[in-house]
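Raw contents of data.txt, compact mmCIF, C-alpha atoms and all ligand atoms:
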```
# COMPACT_ATOMS: atom_id res chain seq x y z
CA MET M 1 21.40 -17.62 -10.64
CA SER M 2 20.87 -17.64 -6.89
CA GLU M 3 18.02 -18.74 -4.64
CA CYS M 4 15.60 -15.99 -3.68
CA ALA M 5 11.93 -15.23 -3.03
CA VAL M 6 9.73 -14.86 -6.10
CA ILE M 7 6.34 -13.12 -6.40
CA CYS M 8 3.93 -15.77 -7.70
CA GLY M 9 0.49 -14.33 -6.92
CA LEU M 10 -1.13 -10.89 -6.81
CA GLY M 11 -4.52 -10.08 -5.28
CA THR M 12 -6.53 -6.98 -4.52
CA CYS M 13 -9.68 -5.85 -2.78
CA LEU M 14 -11.35 -2.46 -3.17
CA PRO M 15 -14.57 -1.47 -1.45
CA GLU M 16 -17.34 -0.70 -3.93
CA ARG M 17 -18.23 2.75 -2.62
CA VAL M 18 -16.59 5.57 -4.61
CA ILE M 19 -16.04 9.03 -3.09
CA THR M 20 -15.44 11.62 -5.80
CA ASN M 21 -13.82 15.01 -5.40
CA GLU M 22 -17.29 16.52 -5.90
CA ASP M 23 -18.57 14.50 -2.93
CA LEU M 24 -15.87 16.11 -0.79
CA THR M 25 -16.39 19.65 -2.04
CA ALA M 26 -19.95 19.40 -0.77
CA ARG M 27 -18.71 19.30 2.82
CA LEU M 28 -15.15 20.73 2.77
CA ASP M 29 -13.60 24.06 1.77
CA THR M 30 -11.83 22.60 -1.25
CA SER M 31 -12.35 22.13 -4.99
CA ASP M 32 -12.02 19.41 -7.60
CA GLU M 33 -9.50 21.63 -9.38
CA TRP M 34 -7.29 22.01 -6.24
CA ILE M 35 -7.34 18.29 -5.45
CA ARG M 36 -6.53 17.25 -9.03
CA ARG M 37 -3.81 19.84 -9.51
CA ARG M 38 -2.10 19.41 -6.11
CA THR M 39 -2.46 15.62 -5.73
CA GLY M 40 -3.63 14.02 -9.00
CA ILE M 41 -6.53 12.35 -7.17
CA GLN M 42 -10.00 12.22 -8.74
CA ARG M 43 -11.74 9.64 -6.57
CA ARG M 44 -11.06 7.16 -3.79
CA ARG M 45 -12.84 4.16 -2.25
CA MET M 46 -14.42 3.97 1.18
CA VAL M 47 -15.69 0.95 3.13
CA ASP M 48 -19.29 0.62 4.27
CA PRO M 49 -19.82 0.94 8.03
CA GLY M 50 -18.81 -2.29 9.77
CA THR M 51 -16.19 -3.32 7.19
CA SER M 52 -12.69 -3.50 8.67
CA THR M 53 -9.09 -3.69 7.49
CA GLY M 54 -9.20 -7.43 8.27
CA ASP M 55 -12.18 -7.87 5.92
CA LEU M 56 -10.22 -6.27 3.07
CA ALA M 57 -7.04 -8.17 3.99
CA VAL M 58 -8.82 -11.54 3.92
CA ALA M 59 -10.20 -10.82 0.45
CA ALA M 60 -6.87 -9.57 -0.96
CA GLY M 61 -4.99 -12.45 0.67
CA GLN M 62 -7.42 -14.98 -0.72
CA ALA M 63 -7.18 -13.34 -4.16
CA ALA M 64 -3.35 -13.53 -4.09
CA GLN M 65 -3.49 -17.23 -3.21
CA VAL M 66 -5.95 -17.89 -6.02
CA SER M 67 -3.71 -15.94 -8.40
CA ALA M 68 -0.76 -18.12 -7.33
CA GLY M 69 -2.74 -21.36 -7.13
CA ARG M 70 -1.13 -22.15 -3.79
CA SER M 71 -1.55 -21.45 -0.06
CA ALA M 72 0.65 -19.46 2.30
CA ASP M 73 2.69 -20.77 5.24
CA PHE M 74 3.28 -17.37 6.88
CA VAL M 75 1.27 -14.12 6.95
CA VAL M 76 2.71 -10.61 7.21
CA LEU M 77 0.08 -7.87 7.27
CA ALA M 78 1.20 -4.27 6.80
CA THR M 79 -1.34 -1.84 8.22
CA THR M 80 -1.66 1.32 10.30
CA THR M 81 -5.38 0.81 10.72
CA PRO M 82 -5.61 -2.59 12.46
CA ASP M 83 -9.00 -3.97 13.45
CA ARG M 84 -8.18 -3.16 17.10
CA PRO M 85 -5.15 -2.04 19.15
CA CYS M 86 -4.74 -5.56 20.56
CA PRO M 87 -4.23 -8.28 19.35
CA ALA M 88 -2.64 -7.97 15.90
CA THR M 89 -5.01 -8.37 12.94
CA ALA M 90 -2.84 -10.87 11.00
CA PRO M 91 -3.59 -14.00 13.11
CA GLU M 92 -7.34 -13.57 12.60
CA VAL M 93 -6.78 -12.94 8.87
CA ALA M 94 -4.73 -16.17 8.67
CA HIS M 95 -7.48 -18.06 10.52
CA ARG M 96 -10.17 -16.71 8.22
CA LEU M 97 -8.05 -17.75 5.23
CA GLY M 98 -8.01 -21.31 6.59
CA LEU M 99 -4.24 -21.11 7.20
CA THR M 100 -4.28 -23.09 10.41
CA GLU M 101 -1.60 -22.16 12.95
CA VAL M 102 0.78 -20.43 10.53
CA PRO M 103 2.89 -17.61 12.04
CA ALA M 104 1.17 -14.25 11.49
CA LEU M 105 2.14 -10.72 12.45
CA ASP M 106 1.33 -7.08 11.74
CA ILE M 107 3.85 -4.51 10.58
CA ALA M 108 3.17 -0.82 11.23
CA ALA M 109 5.38 1.17 8.87
CA VAL M 110 2.55 3.40 7.62
CA CYS M 111 2.85 4.07 3.86
CA SER M 112 6.13 2.13 3.65
CA GLY M 113 4.41 -0.89 5.20
CA PHE M 114 4.16 -2.97 2.05
CA VAL M 115 7.86 -2.61 1.18
CA TYR M 116 8.81 -3.34 4.82
CA ALA M 117 6.61 -6.46 4.81
CA LEU M 118 8.03 -7.55 1.46
CA GLY M 119 11.59 -7.11 2.78
CA LEU M 120 10.83 -9.13 5.90
CA ALA M 121 9.08 -11.90 3.97
CA GLU M 122 11.84 -12.29 1.38
CA ALA M 123 14.44 -12.43 4.18
CA LEU M 124 12.38 -15.14 5.92
CA VAL M 125 12.38 -17.18 2.71
CA ARG M 126 16.13 -16.75 2.25
CA ALA M 127 16.70 -17.71 5.91
CA GLY M 128 14.62 -20.86 5.48
CA ALA M 129 12.01 -19.75 8.05
CA CYS M 130 9.14 -20.25 5.57
CA ASP M 131 8.56 -21.11 1.92
CA GLN M 132 5.42 -19.24 0.85
CA PRO M 133 4.74 -16.08 2.84
CA LEU M 134 1.67 -14.00 2.10
CA VAL M 135 2.40 -10.25 2.19
CA ILE M 136 -0.70 -8.12 2.59
CA GLY M 137 -1.04 -4.34 2.71
CA ALA M 138 -4.52 -3.36 3.92
CA GLU M 139 -5.99 -0.15 5.25
CA VAL M 140 -9.24 1.46 6.26
CA TYR M 141 -7.72 4.92 6.43
CA THR M 142 -11.12 6.54 6.53
CA SER M 143 -11.36 5.19 10.11
CA ILE M 144 -8.57 7.53 11.31
CA ILE M 145 -9.04 10.52 8.99
CA ASP M 146 -10.79 13.59 10.37
CA PRO M 147 -13.65 14.17 7.91
CA GLN M 148 -13.36 17.91 8.65
CA ASP M 149 -9.63 18.14 7.84
CA ARG M 150 -9.21 19.17 4.21
CA ASN M 151 -5.44 18.58 4.42
CA THR M 152 -5.93 14.83 4.72
CA ALA M 153 -9.57 13.96 3.94
CA VAL M 154 -9.03 14.57 0.23
CA ILE M 155 -5.99 12.30 -0.01
CA PHE M 156 -6.66 8.96 1.64
CA GLY M 157 -8.79 5.97 0.67
CA ASP M 158 -9.44 2.37 1.70
CA GLY M 159 -8.23 -0.82 0.02
CA ALA M 160 -5.98 -3.86 0.19
CA GLY M 161 -3.43 -5.61 -1.98
CA ALA M 162 -1.37 -8.74 -1.47
CA VAL M 163 1.38 -10.81 -3.03
CA LEU M 164 2.23 -14.44 -2.39
CA LEU M 165 5.91 -15.33 -2.48
CA ARG M 166 7.53 -18.70 -3.07
CA ARG M 167 11.08 -19.97 -3.07
CA GLY M 168 12.65 -19.66 -6.52
CA ASP M 169 15.71 -18.31 -8.29
CA SER M 170 16.90 -14.90 -9.39
CA GLY M 171 16.42 -15.63 -13.11
CA GLU M 172 12.65 -16.04 -12.78
CA PRO M 173 10.05 -13.30 -13.37
CA GLY M 174 8.94 -11.95 -10.00
CA ALA M 175 12.34 -12.48 -8.35
CA ILE M 176 13.07 -10.10 -5.47
CA HIS M 177 16.67 -9.04 -6.07
CA ALA M 178 17.13 -6.54 -3.23
CA VAL M 179 15.18 -4.58 -0.65
CA GLU M 180 16.46 -1.45 1.05
CA LEU M 181 14.76 -0.06 4.18
CA GLY M 182 15.31 2.98 6.40
CA SER M 183 13.78 5.15 9.11
CA SER M 184 14.19 8.45 10.93
CA GLY M 185 12.24 8.71 14.18
CA ALA M 186 13.35 12.34 14.41
CA GLY M 187 10.39 13.04 12.12
CA SER M 188 7.85 10.96 14.04
CA ASP M 189 5.60 13.97 14.67
CA LEU M 190 5.20 14.81 10.98
CA ILE M 191 2.64 12.04 10.40
CA THR M 192 0.81 10.93 13.52
CA VAL M 193 -2.31 9.88 15.37
CA ALA M 194 -1.13 11.24 18.72
CA GLY M 195 -3.74 9.71 21.03
CA GLY M 196 -4.87 6.15 21.71
CA GLY M 197 -1.46 4.68 22.55
CA SER M 198 0.37 4.37 25.86
CA ARG M 199 1.52 8.00 25.88
CA ILE M 200 -2.00 9.40 25.59
CA PRO M 201 -4.25 6.40 26.33
CA GLY M 202 -7.51 6.20 24.43
CA ARG M 203 -9.42 5.33 27.59
CA GLU M 204 -9.03 8.94 28.68
CA GLN M 205 -12.27 10.37 27.34
CA GLN M 206 -10.84 13.87 27.23
CA VAL M 207 -8.42 13.19 24.35
CA PRO M 208 -8.89 16.30 22.18
CA ARG M 209 -9.92 16.04 18.52
CA GLU M 210 -6.41 16.99 17.38
CA GLN M 211 -5.01 13.86 19.04
CA ARG M 212 -7.78 11.47 18.03
CA TYR M 213 -7.28 11.77 14.30
CA PHE M 214 -4.51 11.37 11.75
CA ARG M 215 -2.51 14.57 11.26
CA MET M 216 0.14 15.28 8.65
CA GLN M 217 2.45 18.24 8.13
CA GLY M 218 2.02 18.02 4.38
CA ARG M 219 4.64 20.45 3.16
CA GLU M 220 7.54 18.95 5.13
CA VAL M 221 6.33 15.41 4.43
CA TYR M 222 6.29 16.26 0.73
CA ARG M 223 9.90 17.46 0.87
CA GLN M 224 11.07 14.41 2.81
CA ALA M 225 9.11 12.00 0.62
CA VAL M 226 10.80 13.19 -2.57
CA ALA M 227 14.29 13.16 -1.03
CA ARG M 228 13.95 9.80 0.79
CA MET M 229 12.29 7.88 -2.03
CA THR M 230 14.86 9.15 -4.52
CA SER M 231 17.88 8.23 -2.38
CA SER M 232 16.42 4.88 -1.31
CA ALA M 233 15.61 3.99 -4.92
CA ARG M 234 19.13 4.95 -5.99
CA SER M 235 20.74 2.78 -3.36
CA VAL M 236 18.64 -0.32 -4.14
CA LEU M 237 19.41 0.11 -7.85
CA ASP M 238 23.12 0.45 -7.01
CA ARG M 239 22.97 -2.78 -5.04
CA VAL M 240 21.65 -4.74 -8.02
CA GLN M 241 23.70 -2.69 -10.50
CA TRP M 242 20.71 -1.58 -12.56
CA SER M 243 20.82 1.89 -14.04
CA PRO M 244 17.63 3.98 -13.63
CA SER M 245 17.33 4.03 -17.43
CA SER M 246 17.09 0.22 -17.46
CA VAL M 247 13.99 0.26 -15.21
CA ARG M 248 10.95 -0.83 -17.22
CA ALA M 249 8.35 -0.46 -14.45
CA PHE M 250 8.42 2.22 -11.76
CA VAL M 251 5.71 1.75 -9.15
CA GLY M 252 5.96 4.21 -6.28
CA HIS M 253 3.74 4.50 -3.21
CA GLN M 254 0.75 6.48 -4.47
CA ALA M 255 1.20 9.44 -2.10
CA ASN M 256 0.76 12.35 -4.46
CA GLN M 257 1.20 12.47 -8.25
CA ARG M 258 3.57 15.42 -7.96
CA ILE M 259 5.79 13.47 -5.52
CA LEU M 260 5.83 10.47 -7.87
CA ASP M 261 6.70 12.64 -10.86
CA ALA M 262 9.47 14.42 -8.95
CA VAL M 263 11.04 11.12 -7.82
CA ALA M 264 10.86 9.53 -11.28
CA ASP M 265 12.23 12.72 -12.90
CA ARG M 266 15.17 12.88 -10.47
CA LEU M 267 15.95 9.21 -11.04
CA GLY M 268 15.60 9.57 -14.80
CA VAL M 269 12.91 6.93 -15.31
CA SER M 270 11.21 7.50 -18.64
CA LYS M 271 7.54 8.57 -18.48
CA CYS M 272 6.38 5.51 -20.42
CA TYR M 273 7.66 3.20 -17.66
CA ARG M 274 5.84 4.92 -14.78
CA PHE M 275 2.73 3.19 -13.45
CA GLY M 276 0.17 4.26 -10.90
CA ASN M 277 -3.51 4.57 -10.09
CA ILE M 278 -3.64 7.47 -7.62
CA ALA M 279 -6.30 9.22 -9.73
CA GLU M 280 -8.68 6.30 -9.14
CA VAL M 281 -7.97 5.19 -5.55
CA GLY M 282 -6.05 8.02 -3.84
CA ASN M 283 -3.45 7.23 -1.21
CA THR M 284 -4.23 3.81 0.31
CA ALA M 285 -1.05 3.76 2.46
CA ALA M 286 0.28 0.18 2.87
CA ALA M 287 -2.10 -1.11 0.18
CA SER M 288 -1.00 1.27 -2.53
CA ILE M 289 1.91 -0.54 -4.20
CA PRO M 290 0.17 -3.92 -4.75
CA LEU M 291 -2.98 -2.08 -5.90
CA ALA M 292 -0.91 -0.08 -8.39
CA MET M 293 0.90 -3.24 -9.54
CA ALA M 294 -2.41 -4.98 -10.25
CA ASP M 295 -3.58 -1.97 -12.20
CA ALA M 296 -0.31 -1.86 -14.16
CA SER M 297 -0.60 -5.58 -14.93
CA ALA M 298 -4.01 -5.02 -16.46
CA SER M 299 -2.50 -2.45 -18.84
CA ASN M 300 -0.56 -5.20 -20.64
CA ARG M 301 2.32 -2.74 -21.06
CA ILE M 302 4.81 -4.67 -18.91
CA HIS M 303 6.40 -7.99 -19.72
CA PRO M 304 7.17 -10.62 -17.07
CA GLY M 305 10.83 -10.34 -16.12
CA ALA M 306 11.04 -6.57 -16.73
CA PRO M 307 13.34 -4.72 -14.26
CA THR M 308 10.97 -3.12 -11.74
CA LEU M 309 11.52 -0.52 -9.05
CA LEU M 310 9.14 -0.24 -6.08
CA THR M 311 9.63 2.65 -3.67
CA ALA M 312 7.72 4.04 -0.70
CA PHE M 313 7.81 6.65 2.03
CA GLY M 314 5.60 7.10 5.06
CA GLY M 315 5.08 7.92 8.71
CA GLY M 316 7.72 6.99 11.21
CA LEU M 317 9.40 8.38 9.21
CA THR M 318 10.02 5.23 7.18
CA TRP M 319 11.04 4.50 3.61
CA GLY M 320 12.05 1.57 1.47
CA SER M 321 12.65 0.38 -2.07
CA ALA M 322 12.74 -2.98 -3.79
CA ALA M 323 14.39 -4.11 -7.04
CA VAL M 324 12.33 -6.96 -8.46
CA THR M 325 11.53 -8.34 -11.88
CA TRP M 326 7.92 -8.05 -13.03
CA PRO M 327 6.04 -11.18 -11.94
CA ASP M 328 4.39 -13.59 -14.36
CA VAL M 329 0.99 -13.41 -12.65
CA VAL M 330 -2.63 -12.72 -13.46
CA PRO M 331 -4.00 -10.52 -10.66
CA VAL M 332 -7.26 -11.55 -9.00
CA SER M 333 -9.64 -9.11 -7.32
CA LEU M 334 -12.26 -10.00 -4.72
CA PRO M 335 -14.83 -7.93 -2.82
CA PRO M 336 -14.45 -7.40 0.96
CA LYS M 337 -15.25 -10.47 3.04
CA SER M 338 -17.94 -10.06 5.68
CA PRO M 339 -16.58 -10.08 9.25
CA THR M 340 -17.67 -13.66 9.86
CA ALA M 341 -16.62 -15.09 6.47
CA LEU M 342 -14.19 -17.99 6.66
CA CYS M 343 -12.45 -18.98 3.45
CA GLY M 344 -12.44 -22.68 2.73
CA SER M 345 -10.07 -24.99 0.87
CA MET M 346 -8.16 -23.87 -2.21
CA THR M 347 -10.87 -25.44 -4.36
CA ASP M 348 -13.54 -23.32 -2.70
CA ARG M 349 -11.37 -20.28 -3.12
CA GLU M 350 -10.87 -20.93 -6.82
CA THR M 351 -14.61 -21.37 -7.33
CA ASP M 352 -15.26 -18.17 -5.44
CA ALA M 353 -12.73 -16.22 -7.55
CA VAL M 354 -14.06 -17.48 -10.84
CA ALA M 355 -17.54 -16.42 -9.77
CA THR M 356 -16.36 -12.91 -8.95
CA ALA M 357 -15.75 -10.44 -11.74
CA PRO M 358 -12.57 -8.33 -11.34
CA GLN M 359 -13.29 -4.93 -9.88
CA PRO M 360 -12.71 -1.91 -12.07
CA HIS M 361 -9.72 0.19 -11.06
N1 LIG H 1 -8.22 22.23 -0.71
C1 LIG H 1 -7.89 23.52 -0.86
N2 LIG H 1 -6.82 24.07 -0.24
C2 LIG H 1 -6.09 23.28 0.55
C3 LIG H 1 -6.39 21.92 0.76
C4 LIG H 1 -7.50 21.41 0.08
N3 LIG H 1 -7.88 20.11 0.20
N4 LIG H 1 -5.47 21.38 1.58
C5 LIG H 1 -4.63 22.37 1.90
N5 LIG H 1 -5.00 23.52 1.29
C6 LIG H 1 -4.38 24.84 1.33
C7 LIG H 1 -3.55 25.03 2.57
O1 LIG H 1 -4.35 25.43 3.67
C8 LIG H 1 -2.60 26.13 2.12
O2 LIG H 1 -3.24 27.36 2.22
P1 LIG H 1 -2.42 28.67 2.72
O3 LIG H 1 -1.36 28.87 1.68
O4 LIG H 1 -3.47 29.72 2.75
O5 LIG H 1 -1.85 28.30 4.05
C9 LIG H 1 -2.40 25.82 0.64
O6 LIG H 1 -3.48 24.97 0.25
C10 LIG H 1 -1.10 25.12 0.35
O7 LIG H 1 -0.92 24.09 1.34
P2 LIG H 1 0.27 23.08 1.23
O8 LIG H 1 0.18 22.13 2.38
O9 LIG H 1 1.54 23.82 1.04
O10 LIG H 1 -0.12 22.36 -0.12
P3 LIG H 1 0.72 21.33 -0.91
O11 LIG H 1 0.85 21.73 -2.30
O12 LIG H 1 1.96 20.93 -0.16
O13 LIG H 1 -0.25 20.07 -0.94
C11 LIG H 1 -0.45 17.98 0.22
C12 LIG H 1 -0.68 19.48 0.28
C13 LIG H 1 -1.28 17.44 -0.91
C14 LIG H 1 -0.88 17.36 1.54
C15 LIG H 1 1.04 17.74 -0.04
O14 LIG H 1 1.80 18.48 0.88
C16 LIG H 1 1.43 16.31 0.08
O15 LIG H 1 1.06 15.50 -0.73
N6 LIG H 1 2.26 15.99 1.06
C17 LIG H 1 2.83 14.65 1.19
C18 LIG H 1 1.87 13.56 1.46
C19 LIG H 1 2.65 12.29 1.58
O16 LIG H 1 3.49 11.98 0.78
N7 LIG H 1 2.46 11.52 2.59
C20 LIG H 1 3.38 10.39 2.75
C21 LIG H 1 2.77 9.26 3.04
S1 LIG H 1 1.37 9.47 4.03
C22 LIG H 1 1.53 8.30 5.23
O17 LIG H 1 2.58 7.83 5.55
C23 LIG H 1 0.29 7.88 5.87
```
Let me see the structure of the file written as structure tokens.
Amino acid sequence: MSECAVICGLGTCLPERVITNEDLTARLDTSDEWIRRRTGIQRRRMVDPGTSTGDLAVAAGQAAQVSAGRSADFVVLATTTPDRPCPATAPEVAHRLGLTEVPALDIAAVCSGFVYALGLAEALVRAGACDQPLVIGAEVYTSIIDPQDRNTAVIFGDGAGAVLLRRGDSGEPGAIHAVELGSSGAGSDLITVAGGGSRIPGREQQVPREQRYFRMQGREVYRQAVARMTSSARSVLDRVQWSPSSVRAFVGHQANQRILDAVADRLGVSKCYRFGNIAEVGNTAAASIPLAMADASASNRIHPGAPTLLTAFGGGLTWGSAAVTWPDVVPVSLPPKSPTALCGSMTDRETDAVATAPQPH
């Protein structure tokens, strides 16, 4: 047994509004059949106007703390759709959670963001920099997707998920045994919002449509995603000396059902141990792994302590995998918090959670 970070709380937030494939076929040259067959997606969630990534992050963060029955002392928020370019969204999220003056930062690793944030947070615990970091993945992807681009508009959705970590030991359910991260900036143009940064500043009104919205070279991204997730997953399993056949829960970033199937097939993870919810929520980028974990938890098909493999790939290019044991947690789901909502003490939070029915996934 050795000291490590342990997942002790799991929270989610999904906007109520559902966008079905039929809703999209009404305005795009696509079909329900194409979307289901090529991606596995049937519907996704979308925020109401005025609801931001921070609003979803506050709700998911609060839900994770309620699930754990304890408060965080550090906040790491993984997002590519921050509330604004400056400052980071995490400090305001921490403030709204009532976490006075805790360190708080954003991580922008696109769809690998949650695994990156988890890796950073567990290292902070091991280094003694904090005891109970809150790791949130939250996105309002619909704010950067071009509604006229059928290549991306059918794939992405909004949502947030969070886990609370605490100091514990490697024999406990929820223990984070190893995290493996990587990147290749050579592929930075494959997934990009080209304008709005220092290279093509957003203040220049003439930024063309192509550079204002999220663009993805799907075919090449698909190829890279399968290769990178497979090799990253293999190396994290090697580090902890788990064979792929011993994995009892495989939760990959919900990019595309075909990508997830290809990765799990290559690794040799049995079909009955694969979990995901892409059909219901689409690709929610940094939010997707904790959202899928909460959904898997509700299935009652995984036992606390089961060897679990998390793996992700995204823009950057970035990728990462984590070997953890399934946490002994009951996930809590809360609706988005209004922009001005401040969460109170733990007692208030518990009351709030009890009063809120879990959202259907
Ligand atoms: N409806 C109908 N046809 C479509 C649609 C659509 N929504 N989108 C694309 N097509 C067409 C294309 O125009 C193309 O037509 P053509 O042959 O006449 O040129 C044809 O379908 C095939 O296009 P492909 O891009 O080859 O389709 P593919 O099977 O690769 O599926 C997809 C596209 C779903 C985007 C897939 O490539 C994919 O999932 N890529 C990876 C996504 C991913 O993993 N992203 C990583 C994380 S994302 C992040 O980090 C934010």
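The closest residue to M:Asp106, picked from M:Ala322, M:Ala68, M:Ala88, M:Val226 and counting only C-alpha atoms, is M:Ala88.
In this comparison, which uses all atoms listed in the file, the residue of M:Leu260, M:Ala127, M:Val154, M:Ala104 approaching M:Ser31 most closely is M:Val154.
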Review point. Leaving out stretch 287-302 of chain M and any residue of its chain fewer than 4 positions from it, which residues lie within 7 Å of it when counting all atoms listed in the file, given as number ranges by chain?
Key: M: 10, 12, 114, 137-139, 159-162, 251-254, 275-277, 283, 306, 331, 361
Check your understanding: Please, what distance in Å, to one decimal, runs between atom CA of M:Ala72 and atom CA of M:Val102?
Key ->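 Pair atom CA of M:Ala72 / atom CA of M:Val102 returns 8.3 Å.
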Check your understanding: Residues around (7.4, -12.4, 5.4), cut-off 9 Å, counting all atoms listed in the file - what are they as a PyMOL selection string?
Key -> chain M and resi 74-77+104-105+117-125+130+132-135+165
Listing only residues of chain M within 6 Å of ligand LIG 1 (chain H), what is the closest atom pair and its distance in Å (to one decimal) for each, using all atoms listed in the file, sorted by chain and residue number ascending, as a tab-separated table?
```
residue	atom	partner	partner_atom	distance
M:Thr30	CA	H:LIG1	N1	3.7
M:Ser31	CA	H:LIG1	N1	5.9
M:Trp34	CA	H:LIG1	N1	5.6
M:Ile35	CA	H:LIG1	N3	6.0
M:Arg38	CA	H:LIG1	O11	5.3
M:Thr39	CA	H:LIG1	C13	5.3
M:Val110	CA	H:LIG1	O17	4.9
M:Cys111	CA	H:LIG1	O17	4.1
M:Arg150	CA	H:LIG1	N3	4.3
M:Asn151	CA	H:LIG1	N4	4.0
M:Val154	CA	H:LIG1	N3	5.7
M:Gly218	CA	H:LIG1	O14	3.5
M:Arg219	CA	H:LIG1	O14	4.1
M:Val221	CA	H:LIG1	C17	4.8
M:Tyr222	CA	H:LIG1	C17	3.8
M:Ala225	CA	H:LIG1	O16	5.6
M:Ala255	CA	H:LIG1	O16	4.5
M:Asn256	CA	H:LIG1	O15	4.9
M:Ala285	CA	H:LIG1	C23	5.5
M:Phe313	CA	H:LIG1	C21	5.8
M:Gly314	CA	H:LIG1	O17	3.1
M:Gly315	CA	H:LIG1	O17	4.0
```
Writing out the chosen residues with C-alpha atoms as a CSV table (one decimal), in the coordinates of the input:
```csv
chain,number,residue,atom,x,y,z
M,30,THR,CA,-11.8,22.6,-1.2
M,31,SER,CA,-12.4,22.1,-5.0
M,34,TRP,CA,-7.3,22.0,-6.2
M,35,ILE,CA,-7.3,18.3,-5.4
M,38,ARG,CA,-2.1,19.4,-6.1
M,39,THR,CA,-2.5,15.6,-5.7
M,110,VAL,CA,2.6,3.4,7.6
M,111,CYS,CA,2.8,4.1,3.9
M,150,ARG,CA,-9.2,19.2,4.2
M,151,ASN,CA,-5.4,18.6,4.4
M,154,VAL,CA,-9.0,14.6,0.2
M,218,GLY,CA,2.0,18.0,4.4
M,219,ARG,CA,4.6,20.4,3.2
M,221,VAL,CA,6.3,15.4,4.4
M,222,TYR,CA,6.3,16.3,0.7
M,225,ALA,CA,9.1,12.0,0.6
M,255,ALA,CA,1.2,9.4,-2.1
M,256,ASN,CA,0.8,12.4,-4.5
M,285,ALA,CA,-1.0,3.8,2.5
M,313,PHE,CA,7.8,6.6,2.0
M,314,GLY,CA,5.6,7.1,5.1
M,315,GLY,CA,5.1,7.9,8.7
```
Practice item. Pick out the residues sitting within 9 Å of stretch 46-63 of chain M, and hand them over as a ChimeraX atom specification; count only C-alpha atoms, and ignore anything fewer than 4 positions along from it in its own chain. Key: /M:9-19,67-68,71,77,79,81-83,89-90,92-94,96-97,134-143,157-164,331-343,349-350,353
Go ahead and save the residues from that selection, with C-alpha atoms, as a compact mmCIF listing (two decimals), in the coordinates of the input.
```
# COMPACT_ATOMS: atom_id res chain seq x y z
CA GLY M 9 0.49 -14.33 -6.92
CA LEU M 10 -1.13 -10.89 -6.81
CA GLY M 11 -4.52 -10.08 -5.28
CA THR M 12 -6.53 -6.98 -4.52
CA CYS M 13 -9.68 -5.85 -2.78
CA LEU M 14 -11.35 -2.46 -3.17
CA PRO M 15 -14.57 -1.47 -1.45
CA GLU M 16 -17.34 -0.70 -3.93
CA ARG M 17 -18.23 2.75 -2.62
CA VAL M 18 -16.59 5.57 -4.61
CA ILE M 19 -16.04 9.03 -3.09
CA SER M 67 -3.71 -15.94 -8.40
CA ALA M 68 -0.76 -18.12 -7.33
CA SER M 71 -1.55 -21.45 -0.06
CA LEU M 77 0.08 -7.87 7.27
CA THR M 79 -1.34 -1.84 8.22
CA THR M 81 -5.38 0.81 10.72
CA PRO M 82 -5.61 -2.59 12.46
CA ASP M 83 -9.00 -3.97 13.45
CA THR M 89 -5.01 -8.37 12.94
CA ALA M 90 -2.84 -10.87 11.00
CA GLU M 92 -7.34 -13.57 12.60
CA VAL M 93 -6.78 -12.94 8.87
CA ALA M 94 -4.73 -16.17 8.67
CA ARG M 96 -10.17 -16.71 8.22
CA LEU M 97 -8.05 -17.75 5.23
CA LEU M 134 1.67 -14.00 2.10
CA VAL M 135 2.40 -10.25 2.19
CA ILE M 136 -0.70 -8.12 2.59
CA GLY M 137 -1.04 -4.34 2.71
CA ALA M 138 -4.52 -3.36 3.92
CA GLU M 139 -5.99 -0.15 5.25
CA VAL M 140 -9.24 1.46 6.26
CA TYR M 141 -7.72 4.92 6.43
CA THR M 142 -11.12 6.54 6.53
CA SER M 143 -11.36 5.19 10.11
CA GLY M 157 -8.79 5.97 0.67
CA ASP M 158 -9.44 2.37 1.70
CA GLY M 159 -8.23 -0.82 0.02
CA ALA M 160 -5.98 -3.86 0.19
CA GLY M 161 -3.43 -5.61 -1.98
CA ALA M 162 -1.37 -8.74 -1.47
CA VAL M 163 1.38 -10.81 -3.03
CA LEU M 164 2.23 -14.44 -2.39
CA PRO M 331 -4.00 -10.52 -10.66
CA VAL M 332 -7.26 -11.55 -9.00
CA SER M 333 -9.64 -9.11 -7.32
CA LEU M 334 -12.26 -10.00 -4.72
CA PRO M 335 -14.83 -7.93 -2.82
CA PRO M 336 -14.45 -7.40 0.96
CA LYS M 337 -15.25 -10.47 3.04
CA SER M 338 -17.94 -10.06 5.68
CA PRO M 339 -16.58 -10.08 9.25
CA THR M 340 -17.67 -13.66 9.86
CA ALA M 341 -16.62 -15.09 6.47
CA LEU M 342 -14.19 -17.99 6.66
CA CYS M 343 -12.45 -18.98 3.45
CA ARG M 349 -11.37 -20.28 -3.12
CA GLU M 350 -10.87 -20.93 -6.82
CA ALA M 353 -12.73 -16.22 -7.55
```
Point to revise | One-decimal distance in Å that lies between atom CA of M:Arg223 and atom CA of M:Gln148 | key: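 The value is 24.5 Å.
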